[in-house]
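Structure below is my_file.cif: mmCIF, C-alpha atoms and all ligand atoms.
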```cif
data_query
loop_
_atom_site.label_atom_id
_atom_site.label_comp_id
_atom_site.auth_asym_id
_atom_site.auth_seq_id
_atom_site.Cartn_x
_atom_site.Cartn_y
_atom_site.Cartn_z
CA MET Z 21 63.41 94.90 80.78
CA ARG Z 22 63.33 98.70 81.16
CA PHE Z 23 66.52 99.28 83.13
CA GLY Z 24 68.36 96.17 84.31
CA THR Z 25 70.09 94.97 81.14
CA GLU Z 26 71.23 98.47 80.23
CA LEU Z 27 72.56 99.14 83.76
CA LEU Z 28 74.68 95.99 83.69
CA ARG Z 29 75.97 97.01 80.25
CA GLN Z 30 76.92 100.45 81.62
CA SER Z 31 78.67 98.78 84.58
CA ASP Z 32 80.75 96.72 82.13
CA VAL Z 33 81.72 99.86 80.21
CA LEU Z 34 82.67 101.70 83.41
CA ALA Z 35 84.79 98.74 84.57
CA GLN Z 36 87.03 99.39 81.55
CA PHE Z 37 88.10 102.72 83.04
CA THR Z 38 90.71 101.14 85.28
CA GLU Z 39 94.30 101.83 86.28
CA ASP Z 40 95.37 98.17 86.25
CA ALA Z 41 93.35 96.15 83.74
CA PRO Z 42 92.08 93.49 83.83
CA ARG Z 43 91.53 94.36 87.49
CA VAL Z 44 89.19 97.25 88.37
CA THR Z 45 90.95 100.06 90.25
CA ARG Z 46 89.85 103.65 89.85
CA THR Z 47 91.19 106.16 92.34
CA TYR Z 48 90.31 109.79 92.94
CA LEU Z 49 91.57 112.27 90.30
CA SER Z 50 93.11 109.59 88.08
CA ASN Z 51 92.80 109.67 84.29
CA GLU Z 52 90.30 106.85 84.65
CA HIS Z 53 88.23 108.96 87.07
CA LYS Z 54 88.10 111.56 84.30
CA GLN Z 55 87.09 108.98 81.68
CA ALA Z 56 84.41 107.42 83.88
CA GLY Z 57 83.22 110.94 84.71
CA ASP Z 58 82.95 111.90 81.04
CA PHE Z 59 80.96 108.72 80.39
CA LEU Z 60 78.60 109.50 83.30
CA LEU Z 61 78.24 113.15 82.23
CA GLY Z 62 77.19 111.89 78.77
CA LEU Z 63 74.53 109.67 80.35
CA MET Z 64 73.33 112.55 82.50
CA ARG Z 65 73.07 114.98 79.60
CA ARG Z 66 71.20 112.47 77.46
CA ALA Z 67 68.81 112.04 80.40
CA GLY Z 68 67.97 115.76 80.29
CA MET Z 69 70.29 116.98 83.03
CA ASN Z 70 72.70 119.89 83.22
CA ALA Z 71 75.88 118.12 84.21
CA ASP Z 72 79.56 118.84 84.89
CA PHE Z 73 82.47 118.16 87.22
CA ASP Z 74 82.60 120.41 90.29
CA ALA Z 75 85.70 122.07 91.76
CA LEU Z 76 86.85 118.86 93.48
CA GLY Z 77 86.11 116.47 90.61
CA ASN Z 78 82.69 115.27 91.76
CA ILE Z 79 80.32 114.56 88.86
CA VAL Z 80 77.11 116.54 89.33
CA GLY Z 81 73.92 116.45 87.23
CA ARG Z 82 70.75 118.47 87.85
CA TYR Z 83 67.30 117.57 86.63
CA GLU Z 84 65.57 120.87 87.14
CA ALA Z 85 62.12 121.25 88.65
CA ALA Z 86 59.69 123.43 86.72
CA ASP Z 87 59.89 125.95 89.57
CA PRO Z 88 63.44 127.37 89.82
CA ASN Z 89 62.94 127.96 93.56
CA ALA Z 90 61.90 124.39 94.24
CA PRO Z 91 63.87 122.51 96.90
CA ILE Z 92 66.58 120.01 95.99
CA VAL Z 93 66.73 116.27 96.55
CA MET Z 94 70.20 114.78 96.20
CA THR Z 95 71.08 111.22 95.27
CA GLY Z 96 74.07 109.28 93.95
CA SER Z 97 77.12 107.41 95.22
CA HIS Z 98 80.86 107.20 94.49
CA GLN Z 99 82.75 106.70 91.24
CA ASP Z 100 86.01 105.53 92.83
CA SER Z 101 86.88 101.98 93.78
CA VAL Z 102 89.17 100.01 96.03
CA ARG Z 103 92.08 98.16 94.41
CA ASN Z 104 90.96 95.06 92.51
CA ALA Z 105 87.33 96.00 93.05
CA GLY Z 106 83.99 94.76 91.82
CA LYS Z 107 81.94 96.62 89.22
CA TYR Z 108 78.94 97.75 91.28
CA ASP Z 109 80.13 99.21 94.61
CA GLY Z 110 79.30 102.91 94.30
CA LEU Z 111 78.72 103.08 90.58
CA PHE Z 112 75.36 101.36 90.80
CA GLY Z 113 74.01 104.21 92.94
CA ILE Z 114 74.95 106.73 90.25
CA ILE Z 115 73.71 104.91 87.16
CA THR Z 116 70.44 103.72 88.73
CA ALA Z 117 69.63 107.35 89.61
CA ILE Z 118 70.49 108.53 86.08
CA ALA Z 119 68.21 105.77 84.70
CA CYS Z 120 65.37 107.12 86.86
CA VAL Z 121 65.93 110.64 85.53
CA LYS Z 122 66.06 109.38 81.93
CA ASP Z 123 62.74 107.62 82.43
CA LEU Z 124 61.15 110.78 83.85
CA HIS Z 125 62.62 112.86 81.02
CA ASP Z 126 61.40 110.41 78.36
CA ARG Z 127 57.90 110.67 79.86
CA ASP Z 128 58.18 114.46 80.07
CA ILE Z 129 57.69 114.46 83.85
CA ARG Z 130 59.13 117.19 86.05
CA LEU Z 131 59.30 116.62 89.79
CA PRO Z 132 58.20 119.08 92.48
CA TYR Z 133 61.90 119.34 93.38
CA THR Z 134 65.18 119.55 91.51
CA LEU Z 135 66.86 116.17 91.54
CA GLU Z 136 70.65 116.35 91.76
CA VAL Z 137 72.61 113.18 90.94
CA VAL Z 138 76.20 113.08 92.25
CA GLY Z 139 79.08 110.75 91.42
CA PHE Z 140 81.38 111.46 94.35
CA GLY Z 141 85.04 111.59 93.34
CA ASP Z 142 86.34 109.79 96.42
CA GLU Z 143 84.60 107.61 98.95
CA GLU Z 144 87.10 104.80 99.41
CA GLY Z 145 90.11 106.88 100.46
CA VAL Z 146 92.56 104.75 98.49
CA ARG Z 147 94.77 107.45 97.00
CA PHE Z 148 95.25 110.08 99.69
CA GLY Z 149 94.21 108.28 102.89
CA ALA Z 150 91.44 110.86 103.44
CA THR Z 151 88.08 109.16 102.99
CA LEU Z 152 84.66 110.36 101.79
CA ILE Z 153 86.30 113.48 100.39
CA GLY Z 154 83.41 114.48 98.07
CA SER Z 155 80.60 113.89 100.53
CA LYS Z 156 82.51 115.49 103.39
CA ALA Z 157 83.06 118.59 101.25
CA MET Z 158 79.35 118.77 100.48
CA ALA Z 159 78.57 118.32 104.18
CA GLY Z 160 80.90 121.18 105.16
CA LYS Z 161 83.55 118.86 106.62
CA PHE Z 162 86.33 119.23 104.07
CA ASP Z 163 89.66 119.68 105.85
CA PRO Z 164 91.93 122.00 103.82
CA ALA Z 165 94.98 120.26 105.36
CA TRP Z 166 94.09 117.32 103.08
CA LEU Z 167 95.19 119.42 100.09
CA ASP Z 168 98.80 118.92 101.17
CA LYS Z 169 98.50 115.14 101.53
CA PRO Z 170 100.69 113.33 99.00
CA ASP Z 171 99.78 110.11 97.21
CA ASP Z 172 102.29 107.24 96.98
CA ASN Z 173 104.08 109.10 94.14
CA GLY Z 174 104.42 112.35 96.07
CA VAL Z 175 101.66 114.16 94.14
CA THR Z 176 99.62 116.27 96.56
CA MET Z 177 95.85 116.40 96.45
CA ARG Z 178 96.12 120.09 95.56
CA GLN Z 179 98.30 119.28 92.52
CA ALA Z 180 96.06 116.41 91.49
CA ILE Z 181 92.86 118.51 91.67
CA ALA Z 182 94.47 121.23 89.54
CA ALA Z 183 95.77 118.68 86.99
CA PHE Z 184 92.27 117.16 86.83
CA GLY Z 185 90.88 120.57 85.83
CA GLY Z 186 89.35 121.39 89.21
CA ASP Z 187 90.13 124.22 91.61
CA PRO Z 188 91.51 123.18 95.01
CA ASP Z 189 90.82 126.61 96.51
CA ARG Z 190 87.10 126.44 95.74
CA TRP Z 191 86.28 123.59 98.13
CA ARG Z 192 83.97 125.87 100.13
CA ASP Z 193 81.75 126.40 97.09
CA ILE Z 194 80.44 122.86 97.08
CA ASP Z 195 79.18 122.88 100.68
CA ARG Z 196 75.44 122.06 100.37
CA ARG Z 197 74.41 123.02 103.90
CA GLY Z 198 71.74 125.70 103.94
CA LYS Z 199 71.24 125.39 100.17
CA ASN Z 200 67.62 124.17 100.19
CA VAL Z 201 68.51 120.45 100.07
CA VAL Z 202 65.60 118.59 101.67
CA ALA Z 203 66.75 114.96 101.35
CA TYR Z 204 69.68 112.76 100.35
CA VAL Z 205 68.99 109.18 99.27
CA GLU Z 206 71.47 106.58 98.05
CA SER Z 207 71.01 103.21 96.44
CA HIS Z 208 73.93 100.79 96.97
CA ILE Z 209 74.64 97.08 96.76
CA GLU Z 210 74.40 95.50 100.20
CA GLN Z 211 78.00 94.15 100.16
CA GLY Z 212 76.85 91.35 102.45
CA PRO Z 213 74.66 88.23 102.34
CA VAL Z 214 71.53 89.21 104.33
CA LEU Z 215 69.19 89.96 101.41
CA LEU Z 216 70.62 87.06 99.40
CA ASN Z 217 69.99 84.60 102.23
CA GLU Z 218 66.44 85.83 102.68
CA GLY Z 219 65.60 85.79 98.98
CA LEU Z 220 64.91 89.54 98.81
CA PRO Z 221 66.06 91.89 96.02
CA VAL Z 222 66.08 95.12 98.07
CA GLY Z 223 65.97 96.36 101.66
CA VAL Z 224 65.79 99.59 103.67
CA VAL Z 225 68.88 100.68 105.59
CA THR Z 226 68.25 101.63 109.21
CA ALA Z 227 71.70 103.05 110.09
CA ILE Z 228 75.28 103.09 108.87
CA ALA Z 229 77.96 101.78 111.22
CA GLY Z 230 80.53 104.20 112.57
CA ALA Z 231 84.24 103.70 111.88
CA SER Z 232 87.64 104.62 113.32
CA ARG Z 233 90.85 104.22 111.38
CA LEU Z 234 94.41 104.53 112.65
CA ASN Z 235 97.78 104.78 110.92
CA VAL Z 236 100.32 102.85 112.98
CA ARG Z 237 104.11 103.08 112.67
CA VAL Z 238 106.34 100.68 114.54
CA THR Z 239 110.06 101.45 114.68
CA GLY Z 240 112.58 98.84 115.75
CA LEU Z 241 116.20 98.29 114.83
CA ALA Z 242 117.44 96.67 111.63
CA GLY Z 243 120.19 94.10 111.96
CA HIS Z 244 121.78 91.07 110.39
CA ALA Z 245 119.34 88.14 110.21
CA GLY Z 246 122.16 85.71 110.76
CA THR Z 247 124.05 87.27 113.63
CA VAL Z 248 121.69 89.04 116.06
CA PRO Z 249 120.59 86.55 118.76
CA MET Z 250 116.83 86.06 119.07
CA GLY Z 251 116.59 87.59 122.53
CA ALA Z 252 118.50 90.71 121.49
CA ARG Z 253 116.30 91.84 118.63
CA GLN Z 254 114.04 94.87 118.26
CA ASP Z 255 112.02 93.44 115.39
CA ALA Z 256 109.34 95.87 114.23
CA LEU Z 257 107.44 93.20 112.29
CA THR Z 258 107.03 90.66 115.07
CA ALA Z 259 105.83 93.51 117.31
CA ALA Z 260 103.40 94.68 114.63
CA SER Z 261 102.19 91.10 114.17
CA GLU Z 262 101.32 90.88 117.85
CA MET Z 263 99.44 94.19 117.51
CA VAL Z 264 97.47 92.86 114.53
CA LEU Z 265 96.44 89.81 116.53
CA PHE Z 266 95.53 92.06 119.47
CA VAL Z 267 93.08 93.92 117.19
CA GLU Z 268 91.58 90.64 116.01
CA ARG Z 269 91.24 89.22 119.50
CA HIS Z 270 89.68 92.38 120.91
CA CYS Z 271 87.08 92.56 118.14
CA GLU Z 272 86.35 88.82 118.32
CA THR Z 273 85.69 88.99 122.03
CA HIS Z 274 83.45 92.09 122.01
CA ALA Z 275 80.19 91.44 120.14
CA GLY Z 276 79.22 94.30 117.83
CA LEU Z 277 82.76 95.14 116.68
CA VAL Z 278 84.67 94.29 113.53
CA GLY Z 279 88.36 95.11 113.13
CA THR Z 280 90.68 94.85 110.14
CA VAL Z 281 94.33 95.44 109.32
CA GLY Z 282 94.20 95.80 105.53
CA LYS Z 283 97.50 97.41 104.65
CA MET Z 284 101.07 96.90 105.87
CA SER Z 285 104.50 97.81 104.65
CA VAL Z 286 107.82 96.47 105.93
CA LEU Z 287 111.24 98.14 105.58
CA PRO Z 288 113.98 97.60 104.69
CA GLY Z 289 112.13 94.59 103.25
CA ALA Z 290 114.95 92.15 102.65
CA VAL Z 291 115.08 88.44 103.40
CA ASN Z 292 118.23 88.73 105.49
CA VAL Z 293 117.52 91.95 107.43
CA ILE Z 294 115.55 92.28 110.67
CA PRO Z 295 112.58 94.60 109.96
CA GLN Z 296 113.08 98.11 111.27
CA ASP Z 297 110.06 100.11 110.09
CA VAL Z 298 106.54 98.76 109.79
CA ALA Z 299 103.51 100.84 108.88
CA PHE Z 300 99.99 99.47 108.99
CA THR Z 301 96.38 100.60 109.19
CA ILE Z 302 93.62 99.61 111.63
CA ASP Z 303 89.92 99.88 110.72
CA VAL Z 304 87.38 99.31 113.52
CA ARG Z 305 83.61 99.55 112.98
CA SER Z 306 80.47 99.28 115.03
CA GLY Z 307 76.89 100.50 115.09
CA ASP Z 308 77.56 101.32 118.77
CA ASP Z 309 79.75 104.46 119.05
CA PRO Z 310 80.78 104.05 122.74
CA LEU Z 311 81.79 100.43 122.03
CA ARG Z 312 83.93 101.56 119.07
CA ARG Z 313 85.58 104.35 121.08
CA ALA Z 314 86.36 101.94 123.92
CA ALA Z 315 87.86 99.52 121.41
CA ILE Z 316 90.16 102.21 120.01
CA ALA Z 317 91.28 103.12 123.53
CA ALA Z 318 91.96 99.44 124.31
CA ILE Z 319 93.85 98.97 121.04
CA ARG Z 320 95.99 102.04 121.70
CA ALA Z 321 96.83 100.76 125.18
CA GLY Z 322 97.45 97.22 123.91
CA CYS Z 323 99.81 98.36 121.15
CA THR Z 324 101.69 100.61 123.57
CA GLU Z 325 102.18 97.71 126.01
CA ILE Z 326 103.37 95.41 123.20
CA ALA Z 327 105.84 98.03 121.98
CA GLN Z 328 107.29 98.56 125.48
CA ARG Z 329 107.65 94.84 126.09
CA ARG Z 330 109.36 94.34 122.73
CA ARG Z 331 111.56 97.46 123.02
CA VAL Z 332 110.25 99.13 119.86
CA HIS Z 333 108.58 102.49 119.39
CA VAL Z 334 104.95 102.78 118.28
CA ASP Z 335 103.10 105.82 116.96
CA LEU Z 336 99.31 105.60 116.53
CA ALA Z 337 97.75 108.44 114.53
CA ASP Z 338 94.02 108.96 113.90
CA LEU Z 339 93.29 108.63 110.19
CA PHE Z 340 89.51 108.81 110.05
CA THR Z 341 86.58 108.79 112.45
CA ALA Z 342 82.88 108.73 111.68
CA ASP Z 343 80.07 108.18 114.15
CA ALA Z 344 77.26 105.79 113.29
CA ALA Z 345 74.65 107.54 111.12
CA PRO Z 346 71.00 106.66 111.68
CA CYS Z 347 68.77 106.90 108.60
CA ASP Z 348 65.76 109.23 108.69
CA PRO Z 349 62.58 107.38 109.80
CA THR Z 350 60.26 109.26 107.40
CA LEU Z 351 62.46 108.54 104.38
CA GLN Z 352 62.88 104.92 105.52
CA GLU Z 353 59.11 104.64 105.56
CA ALA Z 354 58.88 106.15 102.06
CA PHE Z 355 61.33 103.51 100.78
CA ALA Z 356 59.35 100.82 102.66
CA GLN Z 357 56.18 101.92 100.86
CA ALA Z 358 57.95 101.93 97.47
CA ILE Z 359 59.16 98.36 98.15
CA ALA Z 360 55.74 97.20 99.35
CA ALA Z 361 54.16 98.72 96.22
CA HIS Z 362 56.28 96.24 94.24
CA GLY Z 363 54.83 93.33 96.23
CA ILE Z 364 58.15 92.74 98.02
CA PRO Z 365 58.32 92.12 101.80
CA VAL Z 366 60.02 95.05 103.54
CA ARG Z 367 63.30 94.09 105.19
CA ARG Z 368 65.11 96.68 107.28
CA LEU Z 369 68.82 96.15 107.95
CA PRO Z 370 71.87 98.11 109.15
CA SER Z 371 74.90 98.81 106.96
CA GLY Z 372 78.28 97.59 108.17
CA ALA Z 373 80.01 99.32 105.24
CA GLY Z 374 80.57 103.05 105.09
CA HIS Z 375 78.79 105.16 102.48
CA ASP Z 376 78.65 108.73 101.21
CA ALA Z 377 75.23 108.84 102.90
CA MET Z 378 76.88 108.82 106.33
CA GLU Z 379 78.01 112.43 105.83
CA PHE Z 380 74.65 113.79 104.65
CA PRO Z 381 72.69 114.04 107.90
CA ALA Z 382 74.65 117.31 108.28
CA VAL Z 383 72.90 118.54 105.11
CA ALA Z 384 69.43 116.96 105.10
CA PRO Z 385 67.45 113.88 106.20
CA THR Z 386 69.16 110.86 104.67
CA ALA Z 387 68.19 107.31 103.69
CA MET Z 388 69.51 104.33 101.76
CA LEU Z 389 68.14 101.50 99.66
CA PHE Z 390 70.17 98.27 99.65
CA VAL Z 391 70.24 95.94 96.65
CA ARG Z 392 71.05 92.24 96.86
CA CYS Z 393 74.51 91.07 95.73
CA GLY Z 394 75.19 87.52 94.58
CA ASN Z 395 78.12 85.26 95.41
CA ASN Z 396 77.57 85.16 99.17
CA GLY Z 397 77.46 88.95 99.20
CA ILE Z 398 81.17 89.30 98.43
CA SER Z 399 82.33 92.88 97.73
CA HIS Z 400 85.61 94.84 97.56
CA HIS Z 401 86.53 91.88 95.37
CA PRO Z 402 86.27 91.18 91.62
CA ASP Z 403 83.70 88.42 92.27
CA GLU Z 404 81.11 91.01 93.36
CA THR Z 405 77.93 90.42 91.32
CA MET Z 406 74.38 91.62 90.89
CA THR Z 407 71.67 90.49 88.48
CA ALA Z 408 69.87 92.48 85.82
CA GLU Z 409 66.59 91.52 87.55
CA ASP Z 410 67.73 93.08 90.83
CA ALA Z 411 69.06 96.18 89.04
CA GLU Z 412 65.62 96.43 87.42
CA THR Z 413 63.73 96.07 90.70
CA ALA Z 414 65.97 98.48 92.59
CA THR Z 415 65.66 101.14 89.89
CA SER Z 416 61.90 100.74 89.74
CA VAL Z 417 61.69 101.11 93.55
CA LEU Z 418 63.92 104.19 93.48
CA LEU Z 419 61.82 105.71 90.68
CA HIS Z 420 58.67 105.02 92.69
CA PHE Z 421 60.29 106.81 95.62
CA PHE Z 422 61.22 109.84 93.46
CA GLU Z 423 57.74 110.09 91.96
CA SER Z 424 55.99 109.74 95.32
CA TYR Z 425 58.25 111.96 97.40
CA ARG Z 426 56.82 115.36 98.29
CA PRO Z 427 59.19 117.85 99.92
C1 LIG H 1 83.71 101.79 102.05
O1 LIG H 1 83.48 101.00 101.17
C2 LIG H 1 84.00 101.30 103.35
O2 LIG H 1 83.06 100.96 104.08
O3 LIG H 1 85.20 101.15 103.66
MN MN H 2 83.52 100.29 98.84
MN MN H 3 80.54 101.91 98.25
#
```

As C-alpha cells, how would this structure be written, given the file I've shared?
Amino acid sequence: MRFGTELLRQSDVLAQFTEDAPRVTRTYLSNEHKQAGDFLLGLMRRAGMNADFDALGNIVGRYEAADPNAPIVMTGSHQDSVRNAGKYDGLFGIITAIACVKDLHDRDIRLPYTLEVVGFGDEEGVRFGATLIGSKAMAGKFDPAWLDKPDDNGVTMRQAIAAFGGDPDRWRDIDRRGKNVVAYVESHIEQGPVLLNEGLPVGVVTAIAGASRLNVRVTGLAGHAGTVPMGARQDALTAASEMVLFVERHCETHAGLVGTVGKMSVLPGAVNVIPQDVAFTIDVRSGDDPLRRAAIAAIRAGCTEIAQRRRVHVDLADLFTADAAPCDPTLQEAFAQAIAAHGIPVRRLPSGAGHDAMEFPAVAPTAMLFVRCGNNGISHHPDETMTAEDAETATSVLLHFFESYRP
C-alpha cells in the first residue's frame, strides 16, 4: 500500500498529542497543538515543502510551483479536536494532502500551481467559543474582539497566541483574499453513515450545512431544597430543561433541521440547593438558511415564553452563525472525474457537519471530498474509525485531482 498504512500510523502518533490521555482532546494553542504542529511541520518539510506556524498558530506548508508567479491552490483541514474525540476528524485532511505532496516530490513533479497545505489551529471552537478561527482569519472574517475572549482558566486568546509563539496583532497578515488563490479543496471523513451504507469509499460534497449557535443563560433564585414549596420556586434548571426540550421538539417537527444542546453548567451545583444560574449552548443546523433562521427566531420566542411563565430571566446571545456553503460545480466535477478514474461510482452528498471549507468561498472556489468512516459513521467520539484501504483510495483520488487540476 502506498499511503494507507502510513496514514493510519501517523494518525496514531498524532492521537498521542492529547490533553487528557487516554482520551484524545487537543484544543487551540495548547502544548499538544504545538507538538502536533511540530510533527506535521516535520512531515511537510520531508515532503519538500517550506513549512511553519503562522501568526495565529495555523500550520502552513508550501509546495512551490516552478513558476514563482503561479497561482495557489489551498488544501488541508483542522488540527484541533473536540473533547474525547476520534483520531481522524480534521487531521486526515492534513496528512492525506501531505502524502500527496510527498508522492509528487519523490517523483520530482512540480505542479502548475503552488500547493499550500494548512493545518488550521481551531475549527471546533472548544477552547474560546469562537469557531473556525483559522479559516475565518484566512477568509478575512477574523473578529479582533475574539482576542479578549478568555478560556475556562481566564487566559485570553491574545495571551494564548503570544505564549504559543504567534503574534495576535498580525491576524490581518494571514487573510488570503486577493492573494492569487484559485481553489480550496478539503478531504474529510464523512462523520456519518451514507457512504458506509452504500459500500462506497469516497464521495463528492455538494454543500455544507449552515449553523447557528447561541449561548443561553437562565437566572432564577437559589433556595433551600427542603423548605421552598414547589409552587414558589424560580428554578433555573427546570426552566432550562423545558427550553432544551423545546429545541428538540422544534427540530423534530421541522424536516431539514437538527438541533443540539451539548453543554450545560448549573450553579450553585449542590444537591440541596435550588439551581440559580444555568448556562447552556444551542446548535441548530440546516442546508436551508431561511429554515434555520426561522428556527432560531422560534427558539428565542419559545425560551422567552418559558422564562416568563417560570418567573426566571433568560438571556440568549448569538455565538456563531454560518450560512450554508455550496461547493463549486466545476471542482465537484473534477473530484467526480478523479473518483470515476478509480472505477468507483460517483456519489454526491451534502455535509451536515461544519468544515473549514465553509469559510473559503470568500477566498476561492471550494470543494470537498468525503471519505467513508466505519462504525455506523460515528464521529466526535473515540469509536470513530477509518480503514487503511479507504485512506489509500482517498489519497489516490486527491492526488489524481491535484495532478489533473489546471488553474
Ligand atoms: C465541526 O465539527 C462541527 O460541525 O461542529
Ligand atoms: Mn469535528
Ligand atoms: Mn472536522

If we count only C-alpha atoms and set the cut-off at 10 Å, which residues sit around Ala299 of chain Z, ignoring sequence neighbours fewer than 2 positions away in its own chain? Please answer as a list of chain:residue names.
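Answer for this query is Z:Asn235, Z:Val236, Z:Arg237, Z:Val238, Z:Thr239, Z:Ala256, Z:Leu257, Z:Ala260, Z:Lys283, Z:Met284, Z:Ser285, Z:Val286, Z:Leu287, Z:Asp297, Z:Thr301, Z:Val334, Z:Asp335, Z:Leu336.
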
How would you report the residues lying within 9 Å of ligand MN 3 (chain H), as a PyMOL selection string, if you count only C-alpha atoms and all ligand atoms?
chain Z and resi 97-101+108-111+113+143-144+208-209+211+373-376+400

I need the chosen residues saved as an mmCIF file, keeping the file's coordinate frame, with C-alpha atoms.
```cif
data_model
loop_
_atom_site.group_PDB
_atom_site.id
_atom_site.type_symbol
_atom_site.label_atom_id
_atom_site.label_comp_id
_atom_site.auth_asym_id
_atom_site.auth_seq_id
_atom_site.Cartn_x
_atom_site.Cartn_y
_atom_site.Cartn_z
ATOM 1 C CA SER Z 97 77.120 107.410 95.220
ATOM 2 C CA HIS Z 98 80.860 107.200 94.490
ATOM 3 C CA GLN Z 99 82.750 106.700 91.240
ATOM 4 C CA ASP Z 100 86.010 105.530 92.830
ATOM 5 C CA SER Z 101 86.880 101.980 93.780
ATOM 6 C CA TYR Z 108 78.940 97.750 91.280
ATOM 7 C CA ASP Z 109 80.130 99.210 94.610
ATOM 8 C CA GLY Z 110 79.300 102.910 94.300
ATOM 9 C CA LEU Z 111 78.720 103.080 90.580
ATOM 10 C CA GLY Z 113 74.010 104.210 92.940
ATOM 11 C CA GLU Z 143 84.600 107.610 98.950
ATOM 12 C CA GLU Z 144 87.100 104.800 99.410
ATOM 13 C CA HIS Z 208 73.930 100.790 96.970
ATOM 14 C CA ILE Z 209 74.640 97.080 96.760
ATOM 15 C CA GLN Z 211 78.000 94.150 100.160
ATOM 16 C CA ALA Z 373 80.010 99.320 105.240
ATOM 17 C CA GLY Z 374 80.570 103.050 105.090
ATOM 18 C CA HIS Z 375 78.790 105.160 102.480
ATOM 19 C CA ASP Z 376 78.650 108.730 101.210
ATOM 20 C CA HIS Z 400 85.610 94.840 97.560
#
```

Using all atoms listed in the file, which protein or nucleic acid residues come within 10 Å of Asn200 of chain Z? Drop anything in the same chain fewer than 6 positions from it, and give the result as a short mmCIF file (atom, residue, chain, number, x, y, z; two decimals) with C-alpha atoms, keeping the file's coordinate frame.
```cif
data_model
loop_
_atom_site.label_atom_id
_atom_site.label_comp_id
_atom_site.auth_asym_id
_atom_site.auth_seq_id
_atom_site.Cartn_x
_atom_site.Cartn_y
_atom_site.Cartn_z
CA ASN Z 89 62.94 127.96 93.56
CA ALA Z 90 61.90 124.39 94.24
CA PRO Z 91 63.87 122.51 96.90
CA ILE Z 92 66.58 120.01 95.99
CA VAL Z 93 66.73 116.27 96.55
CA VAL Z 383 72.90 118.54 105.11
CA ALA Z 384 69.43 116.96 105.10
#
```

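Among the candidates Z:Glu325, Z:Asp40, Z:Asp74, Z:Asp142, the one nearest to ligand LIG 1 (chain H) when counting all atoms listed in the file is Z:Asp142.
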
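You will find atom CA of Phe421 of chain Z at 12.8 Å from atom CA of Tyr133 of chain Z.
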
Just the number, please: distance in Å from atom CA of Leu131 of chain Z to atom CA of Phe422 of chain Z, one decimal.
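Pair atom CA of Leu131 of chain Z / atom CA of Phe422 of chain Z returns 7.9 Å.
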
Using all atoms of segment 96-102 of chain Z that appear in the file, construct an axis-aligned enclosing box with 8 Å of padding on every side and provide its centre coordinates and edge lengths in Å, rounded to one decimal, as JSON.
```
{"center_x": 81.6, "center_y": 104.6, "center_z": 93.6, "size_x": 31.1, "size_y": 25.3, "size_z": 20.8}
```

Show which residues sit within 12 Å of Thr47 of chain Z, as a ChimeraX atom specification. Count only C-alpha atoms, and ignore same-chain residues fewer than 4 positions away.
/Z:37-40,51-56,77,98-105,140-149,151,153,171,177,180

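Between atom C1 of ligand LIG 1 (chain H) and atom CA of Ser399 of chain Z the interatomic distance comes to 10.0 Å.
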
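Nearest residue to ligand MN 2 (chain H), choosing from Z:Val391, Z:Leu152, Z:Leu311, Z:Val278 and counting only C-alpha atoms and all ligand atoms: Z:Leu152.
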
Write out as a list in words which residues come within 8 Å of Leu419 of chain Z when counting all atoms listed in the file, dropping same-chain ones fewer than 4 positions away.
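Everything that qualifies: Cys120, Thr415 and Glu423 of chain Z.
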
Counting all atoms listed in the file, figure out which residue out of Z:Lys122, Z:Ala290, Z:Pro402, Z:Gly322 gets nearest to Arg269 of chain Z.
Z:Gly322

Residue among Z:Gln179, Z:Gln352, Z:Thr341, Z:Thr226 lying closest to ligand LIG 1 (chain H), counting all atoms listed in the file
Z:Thr341

Name the residues in contact with Ala318 of chain Z at a cut-off of 9 Å, using only C-alpha atoms, excluding same-chain residues fewer than 5 positions from it; report them as a count of residues only.
3

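Each of Z:Thr25, Z:Ser31, Z:Ser371, Z:Gln36 was checked against Pro213 of chain Z using all atoms listed in the file; the smallest atom-to-atom distance is that of Z:Ser371.
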
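Comparing the minimum interatomic distances between ligand LIG 1 (chain H) and each of Z:Val304, Z:Ile115, Z:Ala75, Z:Ala245, counting all atoms listed in the file, we find that Z:Val304 sits nearest.
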
Export: segment 406-412 of chain Z, N, CA, C and O atoms, as a PDB file, in the first residue's frame:
```
ATOM      1  N   MET Z 406     -11.535   4.657  10.492  1.00  0.00           N
ATOM      2  CA  MET Z 406     -11.449   4.544   9.038  1.00  0.00           C
ATOM      3  C   MET Z 406     -10.443   3.448   8.736  1.00  0.00           C
ATOM      4  O   MET Z 406      -9.614   3.106   9.582  1.00  0.00           O
ATOM      5  N   THR Z 407     -10.510   2.887   7.533  1.00  0.00           N
ATOM      6  CA  THR Z 407      -9.600   1.790   7.194  1.00  0.00           C
ATOM      7  C   THR Z 407      -8.409   2.306   6.385  1.00  0.00           C
ATOM      8  O   THR Z 407      -8.491   3.359   5.733  1.00  0.00           O
ATOM      9  N   ALA Z 408      -7.336   1.526   6.424  1.00  0.00           N
ATOM     10  CA  ALA Z 408      -6.161   1.866   5.617  1.00  0.00           C
ATOM     11  C   ALA Z 408      -6.525   1.851   4.134  1.00  0.00           C
ATOM     12  O   ALA Z 408      -6.047   2.686   3.354  1.00  0.00           O
ATOM     13  N   GLU Z 409      -7.428   0.938   3.740  1.00  0.00           N
ATOM     14  CA  GLU Z 409      -7.825   0.854   2.319  1.00  0.00           C
ATOM     15  C   GLU Z 409      -8.525   2.151   1.892  1.00  0.00           C
ATOM     16  O   GLU Z 409      -8.278   2.669   0.802  1.00  0.00           O
ATOM     17  N   ASP Z 410      -9.401   2.664   2.767  1.00  0.00           N
ATOM     18  CA  ASP Z 410     -10.101   3.903   2.397  1.00  0.00           C
ATOM     19  C   ASP Z 410      -9.157   5.108   2.422  1.00  0.00           C
ATOM     20  O   ASP Z 410      -9.284   6.014   1.586  1.00  0.00           O
ATOM     21  N   ALA Z 411      -8.211   5.110   3.371  1.00  0.00           N
ATOM     22  CA  ALA Z 411      -7.211   6.194   3.387  1.00  0.00           C
ATOM     23  C   ALA Z 411      -6.395   6.149   2.088  1.00  0.00           C
ATOM     24  O   ALA Z 411      -6.069   7.192   1.501  1.00  0.00           O
ATOM     25  N   GLU Z 412      -6.104   4.942   1.640  1.00  0.00           N
ATOM     26  CA  GLU Z 412      -5.351   4.752   0.398  1.00  0.00           C
ATOM     27  C   GLU Z 412      -6.144   5.308  -0.797  1.00  0.00           C
ATOM     28  O   GLU Z 412      -5.633   6.095  -1.596  1.00  0.00           O
TER      29      GLU Z 412
END
```
